[in-house]
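Dropping protein.cif in here (mmCIF, C-alpha atoms):
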```
data_work
loop_
_atom_site.group_PDB
_atom_site.id
_atom_site.type_symbol
_atom_site.label_atom_id
_atom_site.label_comp_id
_atom_site.auth_asym_id
_atom_site.auth_seq_id
_atom_site.Cartn_x
_atom_site.Cartn_y
_atom_site.Cartn_z
ATOM 1 C CA MET A 231 13.991 -14.838 4.050
ATOM 2 C CA PRO A 232 11.810 -15.925 7.000
ATOM 3 C CA GLU A 233 13.882 -14.116 9.657
ATOM 4 C CA GLN A 234 14.083 -10.725 7.950
ATOM 5 C CA VAL A 235 11.616 -9.396 10.526
ATOM 6 C CA PHE A 236 14.621 -9.207 12.847
ATOM 7 C CA THR A 237 15.920 -6.187 10.993
ATOM 8 C CA ARG A 238 18.421 -5.193 13.692
ATOM 9 C CA ASP A 239 20.766 -8.018 12.728
ATOM 10 C CA ILE A 240 21.187 -6.923 9.106
ATOM 11 C CA GLY A 241 23.218 -3.841 9.974
ATOM 12 C CA PHE A 242 24.006 -1.009 12.359
ATOM 13 C CA VAL A 243 24.896 2.675 12.192
ATOM 14 C CA LEU A 244 27.966 4.336 13.701
ATOM 15 C CA GLY A 245 27.896 8.102 13.389
ATOM 16 C CA GLY A 246 26.664 8.888 9.890
ATOM 17 C CA THR A 247 27.751 5.600 8.333
ATOM 18 C CA ALA A 248 25.725 2.410 8.062
ATOM 19 C CA PHE A 249 27.453 -0.960 8.239
ATOM 20 C CA ILE A 250 25.884 -3.913 6.456
ATOM 21 C CA SER A 251 26.346 -7.102 8.423
ATOM 22 C CA ASN A 252 28.094 -10.228 7.223
ATOM 23 C CA MET A 253 25.436 -12.755 8.253
ATOM 24 C CA ALA A 254 26.572 -16.021 9.802
ATOM 25 C CA ALA A 255 23.430 -18.129 9.409
ATOM 26 C CA SER A 256 22.691 -19.455 5.911
ATOM 27 C CA VAL A 257 18.948 -18.857 6.414
ATOM 28 C CA ARG A 258 19.675 -15.128 6.598
ATOM 29 C CA LEU A 259 21.834 -14.781 3.521
ATOM 30 C CA GLY A 260 20.295 -12.371 1.038
ATOM 31 C CA GLU A 261 18.826 -10.011 3.632
ATOM 32 C CA GLU A 262 21.860 -7.752 3.303
ATOM 33 C CA LYS A 263 21.051 -7.101 -0.376
ATOM 34 C CA ALA A 264 17.678 -5.614 0.571
ATOM 35 C CA LEU A 265 19.331 -3.325 3.117
ATOM 36 C CA GLN A 266 21.978 -2.238 0.622
ATOM 37 C CA LYS A 267 19.281 -1.273 -1.896
ATOM 38 C CA LEU A 268 17.441 0.758 0.753
ATOM 39 C CA LEU A 269 20.635 2.594 1.757
ATOM 40 C CA GLU A 270 21.465 3.342 -1.865
ATOM 41 C CA ASP A 271 17.929 4.613 -2.515
ATOM 42 C CA GLU A 272 18.084 6.876 0.560
ATOM 43 C CA ASN A 273 21.675 8.038 -0.106
ATOM 44 C CA VAL A 274 22.902 6.749 3.248
ATOM 45 C CA PRO A 275 26.696 6.137 3.237
ATOM 46 C CA PHE A 276 27.488 2.512 4.025
ATOM 47 C CA ILE A 277 30.289 0.008 4.462
ATOM 48 C CA ARG A 278 29.733 -3.637 3.581
ATOM 49 C CA MET A 279 31.327 -5.906 6.206
ATOM 50 C CA LYS A 280 32.928 -8.849 4.397
ATOM 51 C CA GLU A 281 36.019 -10.042 6.223
ATOM 52 C CA ALA A 282 34.349 -11.666 9.242
ATOM 53 C CA ASN A 283 30.866 -12.431 10.549
ATOM 54 C CA ILE A 284 29.101 -9.718 12.515
ATOM 55 C CA GLU A 285 25.401 -9.108 13.134
ATOM 56 C CA GLY A 286 23.765 -5.919 14.341
ATOM 57 C CA GLY A 287 22.082 -7.671 17.259
ATOM 58 C CA ASP A 288 25.545 -7.909 18.814
ATOM 59 C CA VAL A 289 26.327 -4.199 18.428
ATOM 60 C CA MET A 290 25.376 -1.744 21.198
ATOM 61 C CA ILE A 291 26.383 1.923 20.952
ATOM 62 C CA ALA A 292 26.896 4.358 23.832
ATOM 63 C CA GLY A 293 28.410 7.654 22.705
ATOM 64 C CA ASP A 294 31.892 6.945 21.370
ATOM 65 C CA THR A 295 31.942 3.436 22.831
ATOM 66 C CA VAL A 296 30.703 0.390 20.943
ATOM 67 C CA TYR A 297 29.971 -2.797 22.869
ATOM 68 C CA VAL A 298 30.145 -5.852 20.628
ATOM 69 C CA GLY A 299 28.869 -9.241 21.746
ATOM 70 C CA LEU A 300 31.073 -12.167 20.774
ATOM 71 C CA SER A 301 28.657 -14.934 19.887
ATOM 72 C CA ASP A 302 28.058 -17.692 17.364
ATOM 73 C CA ARG A 303 26.996 -14.904 14.972
ATOM 74 C CA THR A 304 29.772 -12.333 15.588
ATOM 75 C CA GLU A 305 33.486 -13.079 15.404
ATOM 76 C CA LYS A 306 36.300 -11.292 17.198
ATOM 77 C CA ALA A 307 37.962 -10.550 13.849
ATOM 78 C CA ALA A 308 35.029 -8.309 12.908
ATOM 79 C CA VAL A 309 35.597 -6.119 15.963
ATOM 80 C CA ALA A 310 38.956 -4.973 14.614
ATOM 81 C CA ALA A 311 37.277 -3.687 11.454
ATOM 82 C CA LEU A 312 35.165 -1.068 13.270
ATOM 83 C CA PRO A 313 36.836 2.346 12.820
ATOM 84 C CA ALA A 314 37.412 5.330 15.091
ATOM 85 C CA TYR A 315 35.510 4.100 18.137
ATOM 86 C CA THR A 316 36.387 2.571 21.470
ATOM 87 C CA VAL A 317 35.252 -1.006 20.902
ATOM 88 C CA VAL A 318 34.614 -3.213 23.924
ATOM 89 C CA PRO A 319 34.154 -6.941 23.172
ATOM 90 C CA ILE A 320 31.590 -8.669 25.417
ATOM 91 C CA PRO A 321 31.778 -12.484 25.294
ATOM 92 C CA LEU A 322 28.374 -14.104 25.739
ATOM 93 C CA GLN A 323 27.645 -17.245 27.659
ATOM 94 C CA GLU A 324 26.772 -20.230 25.490
ATOM 95 C CA ASP A 325 23.236 -20.564 24.125
ATOM 96 C CA PHE A 326 22.614 -16.805 23.929
ATOM 97 C CA LEU A 327 22.119 -15.552 20.399
ATOM 98 C CA HIS A 328 23.013 -11.854 20.542
ATOM 99 C CA LEU A 329 24.170 -9.199 23.004
ATOM 100 C CA GLY A 330 20.806 -7.446 22.588
ATOM 101 C CA CYS A 331 19.114 -10.481 24.144
ATOM 102 C CA VAL A 332 21.041 -10.153 27.430
ATOM 103 C CA PHE A 333 22.030 -6.464 27.638
ATOM 104 C CA ASN A 334 20.275 -3.330 26.404
ATOM 105 C CA ILE A 335 21.142 0.332 26.910
ATOM 106 C CA ILE A 336 17.957 2.319 27.625
ATOM 107 C CA SER A 337 19.439 5.767 28.430
ATOM 108 C CA ASP A 338 22.783 7.502 28.793
ATOM 109 C CA THR A 339 23.061 6.146 32.329
ATOM 110 C CA GLU A 340 20.914 2.995 32.600
ATOM 111 C CA ALA A 341 20.801 -0.443 31.023
ATOM 112 C CA LEU A 342 18.928 -3.721 31.387
ATOM 113 C CA TYR A 343 20.805 -6.998 31.702
ATOM 114 C CA CYS A 344 20.340 -10.685 32.354
ATOM 115 C CA ARG A 345 22.912 -12.164 34.735
ATOM 116 C CA LYS A 346 22.770 -15.629 33.190
ATOM 117 C CA GLY A 347 23.911 -14.408 29.773
ATOM 118 C CA LEU A 348 27.099 -12.610 30.866
ATOM 119 C CA ARG A 349 30.201 -13.416 32.857
ATOM 120 C CA GLN A 350 30.675 -11.564 36.149
ATOM 121 C CA LYS A 351 33.751 -9.850 34.678
ATOM 122 C CA GLU A 352 31.648 -8.197 31.971
ATOM 123 C CA ILE A 353 28.832 -7.350 34.397
ATOM 124 C CA ASP A 354 31.340 -5.519 36.592
ATOM 125 C CA LEU A 355 32.720 -3.712 33.546
ATOM 126 C CA LEU A 356 29.277 -2.566 32.392
ATOM 127 C CA ALA A 357 28.356 -1.520 35.940
ATOM 128 C CA LYS A 358 31.173 1.062 35.846
ATOM 129 C CA ARG A 359 29.378 2.839 32.987
ATOM 130 C CA PHE A 360 25.678 2.163 33.655
ATOM 131 C CA LYS A 361 23.233 1.718 36.482
ATOM 132 C CA LEU A 362 22.256 -1.870 35.723
ATOM 133 C CA ILE A 363 18.676 -3.084 36.115
ATOM 134 C CA GLU A 364 18.567 -6.867 36.373
ATOM 135 C CA VAL A 365 15.898 -8.752 34.440
ATOM 136 C CA PRO A 366 14.846 -11.870 36.384
ATOM 137 C CA GLU A 367 15.457 -15.241 34.785
ATOM 138 C CA GLU A 368 11.752 -15.989 34.358
ATOM 139 C CA GLU A 369 11.388 -12.863 32.191
ATOM 140 C CA HIS A 370 14.548 -13.510 30.252
ATOM 141 C CA PHE A 371 12.976 -16.542 28.595
ATOM 142 C CA THR A 372 10.710 -14.081 26.738
ATOM 143 C CA LEU A 373 13.616 -11.700 26.086
ATOM 144 C CA GLY A 374 12.995 -9.220 28.894
ATOM 145 C CA PRO A 375 16.083 -7.086 28.139
ATOM 146 C CA ASN A 376 15.113 -6.725 24.466
ATOM 147 C CA VAL A 377 12.839 -3.724 24.911
ATOM 148 C CA LEU A 378 12.776 -0.751 22.555
ATOM 149 C CA SER A 379 13.790 2.615 23.978
ATOM 150 C CA ILE A 380 12.375 5.411 21.801
ATOM 151 C CA GLY A 381 13.750 8.326 23.828
ATOM 152 C CA HIS A 382 12.214 10.703 26.381
ATOM 153 C CA LYS A 383 12.241 7.848 28.926
ATOM 154 C CA THR A 384 9.708 5.883 26.888
ATOM 155 C CA ILE A 385 10.070 2.102 26.565
ATOM 156 C CA ILE A 386 8.096 -0.472 24.567
ATOM 157 C CA SER A 387 7.956 -3.779 26.439
ATOM 158 C CA LEU A 388 5.898 -6.949 26.790
ATOM 159 C CA PRO A 389 2.997 -6.795 29.280
ATOM 160 C CA GLN A 390 4.144 -10.171 30.677
ATOM 161 C CA HIS A 391 7.331 -8.570 32.038
ATOM 162 C CA SER A 392 5.687 -7.248 35.179
ATOM 163 C CA HIS A 393 8.862 -7.152 37.290
ATOM 164 C CA THR A 394 11.027 -5.401 34.687
ATOM 165 C CA ASN A 395 8.248 -2.996 33.718
ATOM 166 C CA GLY A 396 7.687 -2.189 37.379
ATOM 167 C CA GLU A 397 11.376 -1.428 37.901
ATOM 168 C CA LEU A 398 11.350 0.849 34.857
ATOM 169 C CA LYS A 399 8.268 2.714 36.088
ATOM 170 C CA LYS A 400 9.908 3.229 39.500
ATOM 171 C CA ARG A 401 12.740 4.992 37.673
ATOM 172 C CA GLY A 402 10.392 7.335 35.862
ATOM 173 C CA TYR A 403 10.011 5.513 32.550
ATOM 174 C CA ARG A 404 6.779 5.457 30.614
ATOM 175 C CA VAL A 405 6.277 1.821 29.615
ATOM 176 C CA ILE A 406 4.113 1.079 26.590
ATOM 177 C CA GLU A 407 3.056 -2.546 27.034
ATOM 178 C CA THR A 408 2.591 -4.257 23.670
ATOM 179 C CA ASP A 409 1.959 -7.915 22.919
ATOM 180 C CA LEU A 410 4.622 -9.276 20.559
ATOM 181 C CA SER A 411 4.393 -12.877 21.707
ATOM 182 C CA GLU A 412 4.064 -14.420 18.232
ATOM 183 C CA ILE A 413 7.285 -12.755 17.047
ATOM 184 C CA ILE A 414 9.087 -13.781 20.238
ATOM 185 C CA LYS A 415 8.403 -17.436 19.403
ATOM 186 C CA SER A 416 10.918 -16.996 16.559
ATOM 187 C CA GLY A 417 13.640 -15.748 18.898
ATOM 188 C CA GLY A 418 13.538 -11.948 18.810
ATOM 189 C CA SER A 419 11.677 -9.028 20.342
ATOM 190 C CA PHE A 420 11.198 -5.270 20.043
ATOM 191 C CA ARG A 421 14.819 -4.180 19.649
ATOM 192 C CA CYS A 422 15.489 -7.024 17.212
ATOM 193 C CA CYS A 423 12.703 -5.783 14.927
ATOM 194 C CA THR A 424 14.062 -2.246 14.488
ATOM 195 C CA LEU A 425 17.089 -0.711 12.764
ATOM 196 C CA PRO A 426 17.706 3.021 13.382
ATOM 197 C CA LEU A 427 19.388 4.636 10.366
ATOM 198 C CA VAL A 428 19.981 8.082 11.889
ATOM 199 C CA ARG A 429 21.860 8.804 15.111
ATOM 200 C CA LYS A 430 22.324 12.126 16.905
ATOM 201 C CA SER A 431 26.000 11.377 17.475
#
```
How does this structure look as structure tokens?
Amino acid sequence: MPEQVFTRDIGFVLGGTAFISNMAASVRLGEEKALQKLLEDENVPFIRMKEANIEGGDVMIAGDTVYVGLSDRTEKAAVAALPAYTVVPIPLQEDFLHLGCVFNIISDTEALYCRKGLRQKEIDLLAKRFKLIEVPEEEHFTLGPNVLSIGHKTIISLPQHSHTNGELKKRGYRVIETDLSEIIKSGGSFRCCTLPLVRKS
């Protein structure tokens, strides 16, 4: 399981329930069994997604709204299986793996995005909910939007993302610059490597 380091894709949590992804790529099959064992050991309630492909990297949660990227890894049919939330499908432009690679919520009111990965229609939709901070194309190549927000306006980001980090600092964020360049060569970054199991709401 060479891509298991990208833990975010294996599942996601809505409220107090974990959802185990139905992985699309054959190289990732089997990862979901490890997550299921962990959830069972920790007594975390879970639902195993089986009817359609969905990966946690395409799932972004903001209160009672769930944004789901429609990509090569997540099918529209899976969106209908998510219960009791307002689910907003976000089609991705071709060649972008997951929603978390082009859009990332960093607070209740702000989000990072890459213009090249989304249609203008979806950018306008997201702009109604969030103050959008655009990641320049040269920083998107190293997954600029895929930072990790750990609360209290604290962000973990690559030191190479000088423009994005500067924009975050202007807005009062503390940016912890950490080199993750070897992991990024495999196609994921900070958010991809984490999977929160507990949410406040």
Which residue, A:Arg421, A:Lys358, A:Arg345, A:Lys415, has the smallest gap to A:Thr372 when you use all atoms listed in the file? A:Lys415
I'd like the neighbourhood of A:Ala307 as an NGL selection string, where a residue qualifies if any of its atoms comes within 10 Å (using all atoms listed in the file), though same-chain residues fewer than 5 positions away should be ignored. :A and (281-284 or 300 or 312)
Selection near A:Leu410, 12 Å with all atoms listed in the file, sequence-local residues under 6 positions removed, as a PDB file with C-alpha atoms, in the frame of the given file:
```pdb
ATOM      1  CA  THR A 372      10.710 -14.081  26.738  1.00  0.00           C
ATOM      2  CA  LEU A 373      13.616 -11.700  26.086  1.00  0.00           C
ATOM      3  CA  GLY A 374      12.995  -9.220  28.894  1.00  0.00           C
ATOM      4  CA  ASN A 376      15.113  -6.725  24.466  1.00  0.00           C
ATOM      5  CA  VAL A 377      12.839  -3.724  24.911  1.00  0.00           C
ATOM      6  CA  LEU A 378      12.776  -0.751  22.555  1.00  0.00           C
ATOM      7  CA  ILE A 386       8.096  -0.472  24.567  1.00  0.00           C
ATOM      8  CA  SER A 387       7.956  -3.779  26.439  1.00  0.00           C
ATOM      9  CA  LEU A 388       5.898  -6.949  26.790  1.00  0.00           C
ATOM     10  CA  PRO A 389       2.997  -6.795  29.280  1.00  0.00           C
ATOM     11  CA  GLN A 390       4.144 -10.171  30.677  1.00  0.00           C
ATOM     12  CA  HIS A 391       7.331  -8.570  32.038  1.00  0.00           C
ATOM     13  CA  SER A 416      10.918 -16.996  16.559  1.00  0.00           C
ATOM     14  CA  GLY A 417      13.640 -15.748  18.898  1.00  0.00           C
ATOM     15  CA  GLY A 418      13.538 -11.948  18.810  1.00  0.00           C
ATOM     16  CA  SER A 419      11.677  -9.028  20.342  1.00  0.00           C
ATOM     17  CA  PHE A 420      11.198  -5.270  20.043  1.00  0.00           C
ATOM     18  CA  ARG A 421      14.819  -4.180  19.649  1.00  0.00           C
ATOM     19  CA  CYS A 422      15.489  -7.024  17.212  1.00  0.00           C
ATOM     20  CA  CYS A 423      12.703  -5.783  14.927  1.00  0.00           C
TER      21      CYS A 423
END
```
Apply the PyMOL selection byres ((chain A and resi 291) around 10) to the file shown and report the selected residues as a VMD selection string. chain A and resid 242 to 245 289 to 290 292 to 298 315 317 334 to 335
Contact residues around A:Gly287 with all atoms listed in the file at 6 Å, ignoring same-chain residues under 5 positions, as an MDAnalysis selection string: chainID A and resid 238:239 328 330
Under the rule that only C-alpha atoms are counted, which of A:Gly347, A:Pro275, A:Pro232, A:Pro313 is the nearest residue to A:Leu329?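 For A:Leu329, the nearest of the given residues is A:Gly347.
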Interatomic distance (Å, one decimal) between atom CA of A:Asp354 and atom CA of A:Pro426: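 Spanning atom CA of A:Asp354 to atom CA of A:Pro426 is a straight-line distance of 28.2 Å.
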Could you tell me which residues the PyMOL selection byres ((chain A and resi 234) around 10) grabs in this file, written as an mmCIF file with C-alpha atoms, keeping the file's coordinate frame?
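Now in selection.cif:
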```cif
data_model
loop_
_atom_site.group_PDB
_atom_site.id
_atom_site.type_symbol
_atom_site.label_atom_id
_atom_site.label_comp_id
_atom_site.auth_asym_id
_atom_site.auth_seq_id
_atom_site.Cartn_x
_atom_site.Cartn_y
_atom_site.Cartn_z
ATOM 1 C CA MET A 231 13.991 -14.838 4.050
ATOM 2 C CA PRO A 232 11.810 -15.925 7.000
ATOM 3 C CA GLU A 233 13.882 -14.116 9.657
ATOM 4 C CA VAL A 235 11.616 -9.396 10.526
ATOM 5 C CA PHE A 236 14.621 -9.207 12.847
ATOM 6 C CA THR A 237 15.920 -6.187 10.993
ATOM 7 C CA ARG A 238 18.421 -5.193 13.692
ATOM 8 C CA ASP A 239 20.766 -8.018 12.728
ATOM 9 C CA ILE A 240 21.187 -6.923 9.106
ATOM 10 C CA VAL A 257 18.948 -18.857 6.414
ATOM 11 C CA ARG A 258 19.675 -15.128 6.598
ATOM 12 C CA LEU A 259 21.834 -14.781 3.521
ATOM 13 C CA GLY A 260 20.295 -12.371 1.038
ATOM 14 C CA GLU A 261 18.826 -10.011 3.632
ATOM 15 C CA GLU A 262 21.860 -7.752 3.303
ATOM 16 C CA ALA A 264 17.678 -5.614 0.571
ATOM 17 C CA CYS A 423 12.703 -5.783 14.927
#
```
Residues in the PyMOL selection byres ((chain A and resi 276) around 9), expressed as a PyMOL selection string: chain A and resi 243+246-250+266+269-270+274-275+277-278
Identify, on the basis of all atoms listed in the file, every residue whose closest approach to A:Gly396 does not exceed 12 Å; exclude the query and any residue fewer than 2 positions from it along the same chain; express the result as a ChimeraX atom specification. /A:363-365,385,387-394,398-407
Extending 4 Å beyond the listed atoms of stretch 281-285 of chain A on each side, what axis-aligned box results? I want centre and edge lengths in Å to one decimal, as AutoDock Vina command-line options.
```
--center_x 30.7 --center_y -10.8 --center_z 9.7 --size_x 18.6 --size_y 11.3 --size_z 14.9
```
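Using only C-alpha atoms, the smallest distance between any of A:Leu342, A:Thr384, A:Thr304, A:Val318 and A:Lys361 comes from A:Leu342.
Distance-wise, atom CA of A:Ser337 and atom CA of A:Lys351 end up 22.1 Å apart.
Atom CA of A:Pro375 to atom CA of A:Leu362 spans 11.1 Å [interatomic distance, one decimal].
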Counting all atoms listed in the file, which residue out of A:Glu305, A:Asp288, A:Glu272, A:Glu352 sits closest to A:Leu327? A:Asp288
Pull out stretch 258-269 of chain A, keep all heavy atoms, and write it as a PDB file, in the first residue's frame.
```
ATOM      1  N   ARG A 258      -4.767   1.442  -4.318  1.00  0.00           N
ATOM      2  CA  ARG A 258      -5.159   1.857  -2.971  1.00  0.00           C
ATOM      3  C   ARG A 258      -6.113   0.870  -2.289  1.00  0.00           C
ATOM      4  O   ARG A 258      -6.470   1.060  -1.122  1.00  0.00           O
ATOM      5  CB  ARG A 258      -5.769   3.249  -3.019  1.00  0.00           C
ATOM      6  CG  ARG A 258      -4.839   4.241  -3.706  1.00  0.00           C
ATOM      7  CD  ARG A 258      -5.025   5.630  -3.256  1.00  0.00           C
ATOM      8  NE  ARG A 258      -4.701   5.772  -1.841  1.00  0.00           N
ATOM      9  CZ  ARG A 258      -4.678   6.954  -1.223  1.00  0.00           C
ATOM     10  NH1 ARG A 258      -4.956   8.047  -1.889  1.00  0.00           N
ATOM     11  NH2 ARG A 258      -4.389   7.033   0.058  1.00  0.00           N
ATOM     12  N   LEU A 259      -6.498  -0.148  -3.014  1.00  0.00           N
ATOM     13  CA  LEU A 259      -7.397  -1.130  -2.408  1.00  0.00           C
ATOM     14  C   LEU A 259      -6.703  -1.846  -1.259  1.00  0.00           C
ATOM     15  O   LEU A 259      -5.549  -2.241  -1.370  1.00  0.00           O
ATOM     16  CB  LEU A 259      -7.865  -2.131  -3.468  1.00  0.00           C
ATOM     17  CG  LEU A 259      -8.689  -1.542  -4.618  1.00  0.00           C
ATOM     18  CD1 LEU A 259      -9.070  -2.623  -5.606  1.00  0.00           C
ATOM     19  CD2 LEU A 259      -9.928  -0.828  -4.099  1.00  0.00           C
ATOM     20  N   GLY A 260      -7.413  -2.002  -0.161  1.00  0.00           N
ATOM     21  CA  GLY A 260      -6.856  -2.613   1.035  1.00  0.00           C
ATOM     22  C   GLY A 260      -6.617  -1.614   2.150  1.00  0.00           C
ATOM     23  O   GLY A 260      -6.620  -1.967   3.332  1.00  0.00           O
ATOM     24  N   GLU A 261      -6.419  -0.335   1.782  1.00  0.00           N
ATOM     25  CA  GLU A 261      -6.209   0.695   2.795  1.00  0.00           C
ATOM     26  C   GLU A 261      -7.435   0.833   3.696  1.00  0.00           C
ATOM     27  O   GLU A 261      -7.309   1.102   4.895  1.00  0.00           O
ATOM     28  CB  GLU A 261      -5.897   2.033   2.137  1.00  0.00           C
ATOM     29  CG  GLU A 261      -4.586   2.064   1.381  1.00  0.00           C
ATOM     30  CD  GLU A 261      -4.332   3.418   0.741  1.00  0.00           C
ATOM     31  OE1 GLU A 261      -4.788   4.438   1.290  1.00  0.00           O
ATOM     32  OE2 GLU A 261      -3.674   3.461  -0.316  1.00  0.00           O
ATOM     33  N   GLU A 262      -8.624   0.644   3.118  1.00  0.00           N
ATOM     34  CA  GLU A 262      -9.843   0.830   3.888  1.00  0.00           C
ATOM     35  C   GLU A 262      -9.969  -0.200   5.012  1.00  0.00           C
ATOM     36  O   GLU A 262     -10.587   0.068   6.048  1.00  0.00           O
ATOM     37  CB  GLU A 262     -11.078   0.784   2.959  1.00  0.00           C
ATOM     38  CG  GLU A 262     -11.346  -0.556   2.315  1.00  0.00           C
ATOM     39  CD  GLU A 262     -10.458  -0.869   1.116  1.00  0.00           C
ATOM     40  OE1 GLU A 262      -9.609  -0.041   0.745  1.00  0.00           O
ATOM     41  OE2 GLU A 262     -10.629  -1.956   0.537  1.00  0.00           O
ATOM     42  N   LYS A 263      -9.360  -1.370   4.851  1.00  0.00           N
ATOM     43  CA  LYS A 263      -9.419  -2.389   5.906  1.00  0.00           C
ATOM     44  C   LYS A 263      -8.645  -1.930   7.141  1.00  0.00           C
ATOM     45  O   LYS A 263      -9.072  -2.186   8.278  1.00  0.00           O
ATOM     46  CB  LYS A 263      -8.847  -3.707   5.385  1.00  0.00           C
ATOM     47  CG  LYS A 263      -9.678  -4.326   4.260  1.00  0.00           C
ATOM     48  CD  LYS A 263      -9.020  -5.587   3.731  1.00  0.00           C
ATOM     49  CE  LYS A 263      -9.806  -6.151   2.550  1.00  0.00           C
ATOM     50  NZ  LYS A 263      -9.133  -7.336   1.958  1.00  0.00           N
ATOM     51  N   ALA A 264      -7.527  -1.262   6.926  1.00  0.00           N
ATOM     52  CA  ALA A 264      -6.735  -0.755   8.053  1.00  0.00           C
ATOM     53  C   ALA A 264      -7.506   0.324   8.807  1.00  0.00           C
ATOM     54  O   ALA A 264      -7.488   0.367  10.040  1.00  0.00           O
ATOM     55  CB  ALA A 264      -5.406  -0.208   7.550  1.00  0.00           C
ATOM     56  N   LEU A 265      -8.199   1.195   8.064  1.00  0.00           N
ATOM     57  CA  LEU A 265      -8.995   2.228   8.721  1.00  0.00           C
ATOM     58  C   LEU A 265     -10.151   1.610   9.495  1.00  0.00           C
ATOM     59  O   LEU A 265     -10.435   2.010  10.625  1.00  0.00           O
ATOM     60  CB  LEU A 265      -9.521   3.239   7.697  1.00  0.00           C
ATOM     61  CG  LEU A 265     -10.453   4.316   8.267  1.00  0.00           C
ATOM     62  CD1 LEU A 265      -9.763   5.122   9.370  1.00  0.00           C
ATOM     63  CD2 LEU A 265     -10.953   5.226   7.162  1.00  0.00           C
ATOM     64  N   GLN A 266     -10.811   0.623   8.903  1.00  0.00           N
ATOM     65  CA  GLN A 266     -11.929  -0.019   9.591  1.00  0.00           C
ATOM     66  C   GLN A 266     -11.475  -0.640  10.913  1.00  0.00           C
ATOM     67  O   GLN A 266     -12.158  -0.518  11.936  1.00  0.00           O
ATOM     68  CB  GLN A 266     -12.583  -1.079   8.699  1.00  0.00           C
ATOM     69  CG  GLN A 266     -13.780  -1.753   9.379  1.00  0.00           C
ATOM     70  CD  GLN A 266     -14.587  -2.596   8.416  1.00  0.00           C
ATOM     71  OE1 GLN A 266     -14.641  -2.324   7.221  1.00  0.00           O
ATOM     72  NE2 GLN A 266     -15.232  -3.623   8.930  1.00  0.00           N
ATOM     73  N   LYS A 267     -10.313  -1.282  10.906  1.00  0.00           N
ATOM     74  CA  LYS A 267      -9.805  -1.885  12.151  1.00  0.00           C
ATOM     75  C   LYS A 267      -9.543  -0.810  13.208  1.00  0.00           C
ATOM     76  O   LYS A 267      -9.867  -0.984  14.395  1.00  0.00           O
ATOM     77  CB  LYS A 267      -8.526  -2.673  11.881  1.00  0.00           C
ATOM     78  CG  LYS A 267      -8.000  -3.395  13.124  1.00  0.00           C
ATOM     79  CD  LYS A 267      -6.753  -4.192  12.840  1.00  0.00           C
ATOM     80  CE  LYS A 267      -6.319  -5.001  14.059  1.00  0.00           C
ATOM     81  NZ  LYS A 267      -6.211  -4.204  15.297  1.00  0.00           N
ATOM     82  N   LEU A 268      -8.963   0.310  12.793  1.00  0.00           N
ATOM     83  CA  LEU A 268      -8.695   1.404  13.726  1.00  0.00           C
ATOM     84  C   LEU A 268      -9.999   1.919  14.335  1.00  0.00           C
ATOM     85  O   LEU A 268     -10.100   2.117  15.547  1.00  0.00           O
ATOM     86  CB  LEU A 268      -7.965   2.537  13.016  1.00  0.00           C
ATOM     87  CG  LEU A 268      -7.816   3.840  13.816  1.00  0.00           C
ATOM     88  CD1 LEU A 268      -6.903   3.632  15.010  1.00  0.00           C
ATOM     89  CD2 LEU A 268      -7.310   4.958  12.937  1.00  0.00           C
ATOM     90  N   LEU A 269     -11.013   2.139  13.486  1.00  0.00           N
ATOM     91  CA  LEU A 269     -12.294   2.658  13.966  1.00  0.00           C
ATOM     92  C   LEU A 269     -12.959   1.683  14.929  1.00  0.00           C
ATOM     93  O   LEU A 269     -13.530   2.086  15.944  1.00  0.00           O
ATOM     94  CB  LEU A 269     -13.213   2.964  12.786  1.00  0.00           C
ATOM     95  CG  LEU A 269     -12.721   4.051  11.817  1.00  0.00           C
ATOM     96  CD1 LEU A 269     -13.658   4.160  10.622  1.00  0.00           C
ATOM     97  CD2 LEU A 269     -12.585   5.397  12.519  1.00  0.00           C
TER      98      LEU A 269
END
```
